[in-house]
>>> print(open('upload-v7.tsv').read())   # TSV, C-alpha atoms
chain	number	residue	atom	x	y	z
V	795	MET	CA	41.83	37.16	210.32
V	796	GLY	CA	43.44	40.55	209.64
V	797	LEU	CA	47.12	41.37	209.31
V	798	LEU	CA	46.92	43.66	212.32
V	799	ASP	CA	44.59	41.77	214.63
V	800	GLY	CA	45.27	42.83	218.21
V	801	LYS	CA	47.73	45.58	217.21
V	802	ARG	CA	47.60	49.03	218.78
V	803	LEU	CA	48.72	51.83	216.51
V	804	LEU	CA	49.27	55.57	216.67
V	805	VAL	CA	48.79	57.32	213.31
V	806	THR	CA	49.94	60.92	212.93
V	807	GLY	CA	49.39	63.28	210.04
V	808	VAL	CA	45.68	62.81	209.31
V	809	LEU	CA	44.05	66.03	208.13
V	810	THR	CA	41.50	65.03	205.49
V	811	ASP	CA	40.37	61.70	204.07
V	812	ALA	CA	42.72	62.41	201.15
V	813	SER	CA	45.72	62.16	203.49
V	814	LEU	CA	48.01	59.20	203.04
V	815	ALA	CA	47.84	58.78	206.81
V	816	PHE	CA	44.05	58.45	206.62
V	817	ALA	CA	44.40	55.66	204.05
V	818	VAL	CA	46.80	53.88	206.42
V	819	ALA	CA	44.51	54.33	209.43
V	820	GLU	CA	41.48	53.12	207.48
V	821	LEU	CA	43.23	50.00	206.17
V	822	ALA	CA	44.79	49.31	209.58
V	823	GLN	CA	41.34	49.28	211.18
V	824	ARG	CA	39.99	46.99	208.48
V	825	GLU	CA	42.93	44.67	209.18
V	826	GLY	CA	42.01	44.49	212.86
V	827	ALA	CA	44.09	47.22	214.52
V	828	GLU	CA	42.99	49.56	217.29
V	829	VAL	CA	43.99	53.03	216.12
V	830	VAL	CA	44.52	56.39	217.80
V	831	LEU	CA	45.18	59.52	215.73
V	832	SER	CA	47.01	62.71	216.57
V	833	GLY	CA	46.47	66.28	215.44
V	834	ALA	CA	47.85	69.71	216.19
V	835	GLY	CA	47.04	73.40	216.25
V	836	ARG	CA	44.42	74.70	213.86
V	837	GLY	CA	44.32	71.30	212.16
V	838	LEU	CA	43.21	69.49	215.32
V	839	SER	CA	39.49	70.11	214.76
V	840	LEU	CA	39.86	68.99	211.14
V	841	THR	CA	41.56	65.77	212.26
V	842	ARG	CA	38.71	65.12	214.70
V	843	ARG	CA	36.11	65.60	211.98
V	844	THR	CA	38.02	63.36	209.59
V	845	ALA	CA	38.37	60.68	212.27
V	846	ARG	CA	34.60	60.22	212.13
V	847	LYS	CA	34.95	58.92	208.56
V	848	LEU	CA	37.00	55.91	209.69
V	849	PRO	CA	35.28	52.52	209.92
V	850	CYS	CA	35.65	52.48	213.72
V	851	ALA	CA	35.48	55.30	216.25
V	852	THR	CA	38.89	56.52	217.37
V	853	ASP	CA	40.34	59.11	219.73
V	854	VAL	CA	42.57	61.99	218.66
V	855	LEU	CA	45.52	63.12	220.78
V	856	GLU	CA	46.65	66.73	220.67
V	857	LEU	CA	50.28	66.50	219.59
V	858	ASP	CA	52.27	69.42	218.17
V	859	VAL	CA	55.73	68.01	217.42
V	860	THR	CA	57.32	71.44	217.85
V	861	ASP	CA	56.06	71.62	221.46
V	862	ALA	CA	58.12	69.32	223.68
V	863	GLY	CA	55.56	69.61	226.46
V	864	GLN	CA	52.73	68.42	224.21
V	865	VAL	CA	54.83	65.54	222.90
V	866	ALA	CA	55.64	64.37	226.42
V	867	ALA	CA	52.02	64.79	227.50
V	868	ALA	CA	50.81	62.72	224.55
V	869	GLY	CA	53.20	59.96	225.53
V	870	ALA	CA	51.88	59.99	229.10
V	871	GLN	CA	48.26	60.12	227.92
V	872	LEU	CA	48.66	57.09	225.66
V	873	ALA	CA	50.47	55.21	228.44
V	874	GLU	CA	47.36	55.65	230.62
V	875	ARG	CA	45.29	54.01	227.88
V	876	TRP	CA	47.60	51.25	226.61
V	877	ASP	CA	50.39	49.16	228.11
V	878	ARG	CA	52.18	48.88	224.78
V	879	LEU	CA	52.32	50.48	221.33
V	880	ASP	CA	52.73	48.00	218.48
V	881	GLY	CA	53.09	50.53	215.71
V	882	LEU	CA	53.64	54.22	215.00
V	883	LEU	CA	53.12	55.97	211.67
V	884	HIS	CA	55.03	59.23	211.21
V	885	ALA	CA	53.29	61.17	208.45
V	886	ILE	CA	54.31	64.69	209.42
V	887	GLY	CA	56.01	67.20	207.18
V	888	TYR	CA	56.07	70.96	206.73
V	889	ALA	CA	58.31	73.61	205.21
V	890	PRO	CA	57.67	77.37	205.11
V	891	PRO	CA	57.01	78.83	201.65
V	892	GLU	CA	60.55	80.26	201.48
V	893	CYS	CA	61.90	76.69	201.58
V	894	LEU	CA	60.13	75.62	198.40
V	895	GLY	CA	59.74	76.75	194.83
V	896	GLY	CA	63.08	76.30	193.08
V	897	ASP	CA	65.52	78.69	194.81
V	898	ILE	CA	67.56	77.00	197.55
V	899	PHE	CA	69.10	80.35	198.56
V	900	ARG	CA	65.80	82.05	199.38
V	901	ALA	CA	65.31	80.51	202.83
V	902	GLY	CA	67.26	81.51	205.92
V	903	TRP	CA	68.04	79.35	208.92
V	904	ASP	CA	64.83	80.29	210.72
V	905	GLU	CA	62.76	78.79	207.92
V	906	VAL	CA	65.11	75.87	207.28
V	907	SER	CA	65.27	74.91	210.95
V	908	GLN	CA	61.47	74.80	211.07
V	909	ALA	CA	61.34	72.50	208.04
V	910	ILE	CA	63.94	70.12	209.49
V	911	HIS	CA	62.35	70.17	212.95
V	912	VAL	CA	58.86	69.29	211.75
V	913	SER	CA	59.79	66.98	208.88
V	914	ALA	CA	62.77	65.08	210.31
V	915	TYR	CA	63.63	65.72	213.96
V	916	SER	CA	60.01	65.11	214.92
V	917	LEU	CA	60.49	61.40	214.23
V	918	LYS	CA	63.06	61.26	217.03
V	919	GLY	CA	60.77	63.27	219.30
V	920	LEU	CA	57.81	60.96	218.72
V	921	VAL	CA	59.82	57.78	219.15
V	922	GLU	CA	61.35	59.15	222.34
V	923	ALA	CA	57.96	60.03	223.82
V	924	PHE	CA	56.46	56.63	223.02
V	925	ARG	CA	59.63	54.60	223.49
V	926	PRO	CA	58.51	52.86	226.71
V	927	LEU	CA	55.32	51.67	225.00
V	928	LEU	CA	57.19	50.62	221.85
V	929	ALA	CA	59.78	48.78	223.96
V	930	ALA	CA	56.98	47.02	225.85
V	931	ALA	CA	55.66	45.71	222.53
V	932	GLY	CA	59.18	44.76	221.53
V	933	ALA	CA	59.70	42.83	224.76
V	934	ALA	CA	56.50	40.88	224.18
V	935	GLY	CA	58.26	38.84	221.52
V	936	GLY	CA	57.16	37.99	218.02
V	937	ALA	CA	57.93	40.66	215.44
V	938	GLY	CA	58.10	43.39	218.09
V	939	ALA	CA	57.07	46.98	217.43
V	940	SER	CA	57.21	48.84	214.15
V	941	VAL	CA	57.82	52.51	213.36
V	942	VAL	CA	57.03	53.59	209.80
V	943	ALA	CA	57.61	57.07	208.35
V	944	LEU	CA	56.46	58.46	205.01
V	945	ASP	CA	59.26	59.61	202.74
V	946	PHE	CA	59.84	61.10	199.30
V	947	ASP	CA	63.02	59.79	197.66
V	948	ALA	CA	65.87	62.11	198.71
V	949	THR	CA	68.66	60.60	196.61
V	950	VAL	CA	68.23	63.22	193.89
V	951	ALA	CA	67.42	66.93	193.67
V	952	TRP	CA	63.79	67.44	192.62
V	953	PRO	CA	62.39	70.59	190.99
V	954	ALA	CA	60.87	72.98	193.55
V	955	TYR	CA	61.34	70.57	196.49
V	956	ASP	CA	64.43	72.36	197.84
V	957	TRP	CA	64.71	72.28	201.65
V	958	MET	CA	61.94	69.73	201.93
V	959	GLY	CA	64.22	67.42	199.99
V	960	VAL	CA	67.02	68.17	202.42
V	961	SER	CA	64.64	67.45	205.31
V	962	LYS	CA	63.70	64.10	203.77
V	963	ALA	CA	67.39	63.26	203.40
V	964	ALA	CA	67.78	63.98	207.12
V	965	LEU	CA	64.73	61.80	207.83
V	966	GLU	CA	66.25	58.91	205.88
V	967	SER	CA	69.53	59.16	207.78
V	968	LEU	CA	67.77	59.54	211.13
V	969	ALA	CA	65.70	56.42	210.49
V	970	ARG	CA	68.87	54.37	210.08
V	971	TYR	CA	70.29	55.60	213.39
V	972	LEU	CA	66.98	54.99	215.16
V	973	ALA	CA	66.93	51.49	213.69
V	974	ARG	CA	70.39	50.93	215.16
V	975	ASP	CA	69.49	52.16	218.64
V	976	LEU	CA	66.00	50.65	218.88
V	977	GLY	CA	66.72	47.25	217.37
V	978	PRO	CA	67.93	45.75	220.66
V	979	GLU	CA	64.55	46.74	222.15
V	980	GLY	CA	62.66	44.84	219.47
V	981	VAL	CA	61.60	47.98	217.59
V	982	ARG	CA	61.90	48.21	213.80
V	983	VAL	CA	62.18	51.55	211.95
V	984	ASN	CA	61.47	51.75	208.23
V	985	LEU	CA	60.44	54.31	205.63
V	986	VAL	CA	58.00	54.17	202.74
V	987	ALA	CA	59.11	56.42	199.87
V	988	ALA	CA	55.87	57.10	198.04
V	989	GLY	CA	55.27	58.50	194.60
V	990	PRO	CA	53.20	61.69	194.30
V	991	VAL	CA	49.62	61.47	195.55
V	992	LYS	CA	47.11	64.31	195.47
V	993	THR	CA	46.99	65.40	199.11
V	994	MET	CA	46.80	68.74	200.91
V	995	ALA	CA	50.54	68.48	201.60
V	996	ALA	CA	51.29	68.02	197.90
V	997	LYS	CA	49.15	71.01	196.96
V	998	SER	CA	51.28	73.24	199.19
V	999	ILE	CA	54.43	72.54	197.15
V	1000	PRO	CA	54.84	74.93	194.18
V	1001	GLY	CA	55.33	73.01	190.96
V	1002	PHE	CA	54.41	69.66	192.49
V	1003	ALA	CA	51.78	69.19	189.80
V	1004	ALA	CA	54.66	68.59	187.38
V	1005	PHE	CA	55.44	65.37	189.26
V	1006	GLU	CA	51.82	64.32	189.13
V	1007	ASP	CA	51.59	64.99	185.40
V	1008	THR	CA	54.73	63.10	184.38
V	1009	TRP	CA	55.15	60.35	186.98
V	1010	ALA	CA	52.90	57.79	185.29
V	1011	ALA	CA	54.86	58.11	182.04
V	1012	ARG	CA	58.15	57.40	183.86
V	1013	ALA	CA	56.89	54.56	186.07
V	1014	PRO	CA	57.31	51.11	184.49
V	1015	LEU	CA	54.39	49.87	186.61
V	1016	GLY	CA	52.36	53.01	185.95
V	1017	TRP	CA	51.16	55.42	188.62
V	1018	ASP	CA	47.80	56.85	189.69
V	1019	VAL	CA	48.08	60.04	191.76
V	1020	LEU	CA	44.60	59.38	193.16
V	1021	ASP	CA	45.44	55.90	194.48
V	1022	SER	CA	46.61	56.21	198.08
V	1023	ALA	CA	45.76	52.57	198.76
V	1024	VAL	CA	49.01	51.26	197.27
V	1025	VAL	CA	51.00	53.32	199.76
V	1026	ALA	CA	48.73	52.32	202.64
V	1027	ARG	CA	49.20	48.63	201.86
V	1028	ALA	CA	52.98	48.95	202.10
V	1029	CYS	CA	52.73	50.80	205.41
V	1030	VAL	CA	50.32	48.23	206.86
V	1031	ALA	CA	52.59	45.39	205.74
V	1032	LEU	CA	55.53	47.00	207.56
V	1033	LEU	CA	53.38	47.60	210.64
V	1034	SER	CA	52.38	43.94	210.63
V	1035	ASP	CA	54.46	40.90	211.54
V	1036	LEU	CA	55.32	40.15	207.90
V	1037	PHE	CA	58.76	41.80	208.12
V	1038	PRO	CA	60.14	40.77	211.52
V	1039	LYS	CA	63.81	41.26	210.60
V	1040	THR	CA	63.58	44.30	208.32
V	1041	THR	CA	64.75	47.62	209.76
V	1042	GLY	CA	66.56	50.71	208.53
V	1043	GLU	CA	65.01	50.11	205.12
V	1044	ILE	CA	63.41	52.41	202.54
V	1045	VAL	CA	60.59	50.70	200.67
V	1046	HIS	CA	59.81	52.51	197.42
V	1047	VAL	CA	56.16	52.58	196.41
V	1048	ASP	CA	56.47	54.75	193.33
V	1049	GLY	CA	55.73	52.52	190.36
V	1050	GLY	CA	59.48	51.98	189.90
V	1051	VAL	CA	60.47	55.55	189.07
V	1052	HIS	CA	63.35	55.53	191.61
V	1053	ALA	CA	65.09	52.75	189.65
V	1054	MET	CA	64.86	54.41	186.22
V	1055	GLY	CA	67.33	56.68	184.47
V	1056	ALA	CA	66.43	59.75	182.44
>>> encode(input="upload-v7.tsv", output="structure tokens")
Amino acid sequence: MGLLDGKRLLVTGVLTDASLAFAVAELAQREGAEVVLSGAGRGLSLTRRTARKLPCATDVLELDVTDAGQVAAAGAQLAERWDRLDGLLHAIGYAPPECLGGDIFRAGWDEVSQAIHVSAYSLKGLVEAFRPLLAAAGAAGGAGASVVALDFDATVAWPAYDWMGVSKAALESLARYLARDLGPEGVRVNLVAAGPVKTMAAKSIPGFAAFEDTWAARAPLGWDVLDSAVVARACVALLSDLFPKTTGEIVHVDGGVHAMGA
């Protein structure tokens, strides 16, 4: 018997099989979940090709979080397929090049607003679009529905991370407010703050290799930048019924770096 037997999940953010979201989707299927992916824009065809590498066949919804019409349409499309949504993984983040690299003054509001929209506000947009399905799962009793978003610890200023760090701070705050408002509907909202993993998203951040090179030395439990499974396990646990009364939480899966000093 799998942790997610009978669960229906939407997983966003899958581009390649190196994506953290892919690791979550793969493990979720192995634990018994029925999974649907989403993709957007030029990456949609890549998501569809990557979906074929999962253990079980799955559909891919077109869902650009910056297009309110597409978000609403995706909600309606999934409602035609399922009568409830037990879990949602938010694994979406983007910042224009001006927002990264070590100079916080370089980006203007046009670039910053795009980073915050895609990386933080999109969580509200997704939850809003799928709220009736999430609430239906919440009303069914048990542990209810679970929303999980991928995070990178925003309590400190990281080299080169700049406005992406600000966006993650907004994501962390937003998750707490969503947890407040969705709790009465039986919907939990939690974040997984992962250590650095070699993904396409990580490669787009100038200087991110410095995290990858030094993280293992700072982590009391050690850290392998090629091991996405440890992050996936935490996400799957939160999507399961193992944490029925945990919401508004940030679970750090970083080898313990967040708890260490200099």
>>> closest_residue(input="upload-v7.tsv", among="V:Ser1034, V:Thr806, V:Thr860, V:Thr1008", to="Ser907 in chain V", atoms="only C-alpha atoms")
V:Thr860
>>> atom_distance(input="upload-v7.tsv", atom1="CA of Leu857 in chain V", atom2="CA of Glu905 in chain V")
21.0 Å
>>> closest_residue(input="upload-v7.tsv", among="V:Val1024, V:Lys962, V:Ala939, V:Ala1004", to="Pro1038 in chain V", atoms="only C-alpha atoms")
V:Ala939
>>> closest_atom_pairs(input="upload-v7.tsv", of="range 907-944 of chain V", to="range 861-864 of chain V", cutoff="12 Å", atoms="all atoms listed in the file", output="CSV")
residue,atom,partner,partner_atom,distance
V:His911,CA,V:Asp861,CA,10.7
V:Val912,CA,V:Asp861,CA,10.4
V:Tyr915,CA,V:Ala862,CA,11.7
V:Ser916,CA,V:Ala862,CA,9.9
V:Lys918,CA,V:Ala862,CA,11.6
V:Gly919,CA,V:Ala862,CA,7.9
V:Leu920,CA,V:Ala862,CA,9.7
V:Glu922,CA,V:Ala862,CA,10.8
V:Ala923,CA,V:Ala862,CA,9.3
>>> write_last_selection(input="upload-v7.tsv", atoms="C-alpha atoms", output="tab-separated table (two decimals), in the frame of the given file")
chain	number	residue	atom	x	y	z
V	911	HIS	CA	62.35	70.17	212.95
V	912	VAL	CA	58.86	69.29	211.75
V	915	TYR	CA	63.63	65.72	213.96
V	916	SER	CA	60.01	65.11	214.92
V	918	LYS	CA	63.06	61.26	217.03
V	919	GLY	CA	60.77	63.27	219.30
V	920	LEU	CA	57.81	60.96	218.72
V	922	GLU	CA	61.35	59.15	222.34
V	923	ALA	CA	57.96	60.03	223.82
>>> residues_around(input="upload-v7.tsv", residues="Val1051 in chain V", least_positions_apart="5", cutoff="12 Å", atoms="all atoms listed in the file", output="number ranges by chain")
V: 946-947, 950, 987-990, 1005, 1008-1017, 1046, 1056
>>> residues_around(input="upload-v7.tsv", residues="range 826-831 of chain V", least_positions_apart="2", cutoff="12 Å", atoms="all atoms listed in the file", output="number ranges by chain")
V: 795-809, 815-816, 818-824, 833-834, 838, 840-846, 848-857, 868, 871-872, 875-876, 878-885, 1030, 1033-1034
>>> closest_residue(input="upload-v7.tsv", among="V:Tyr971, V:Trp903, V:Leu944, V:Asp1007", to="Trp957 in chain V", atoms="only C-alpha atoms")
V:Trp903
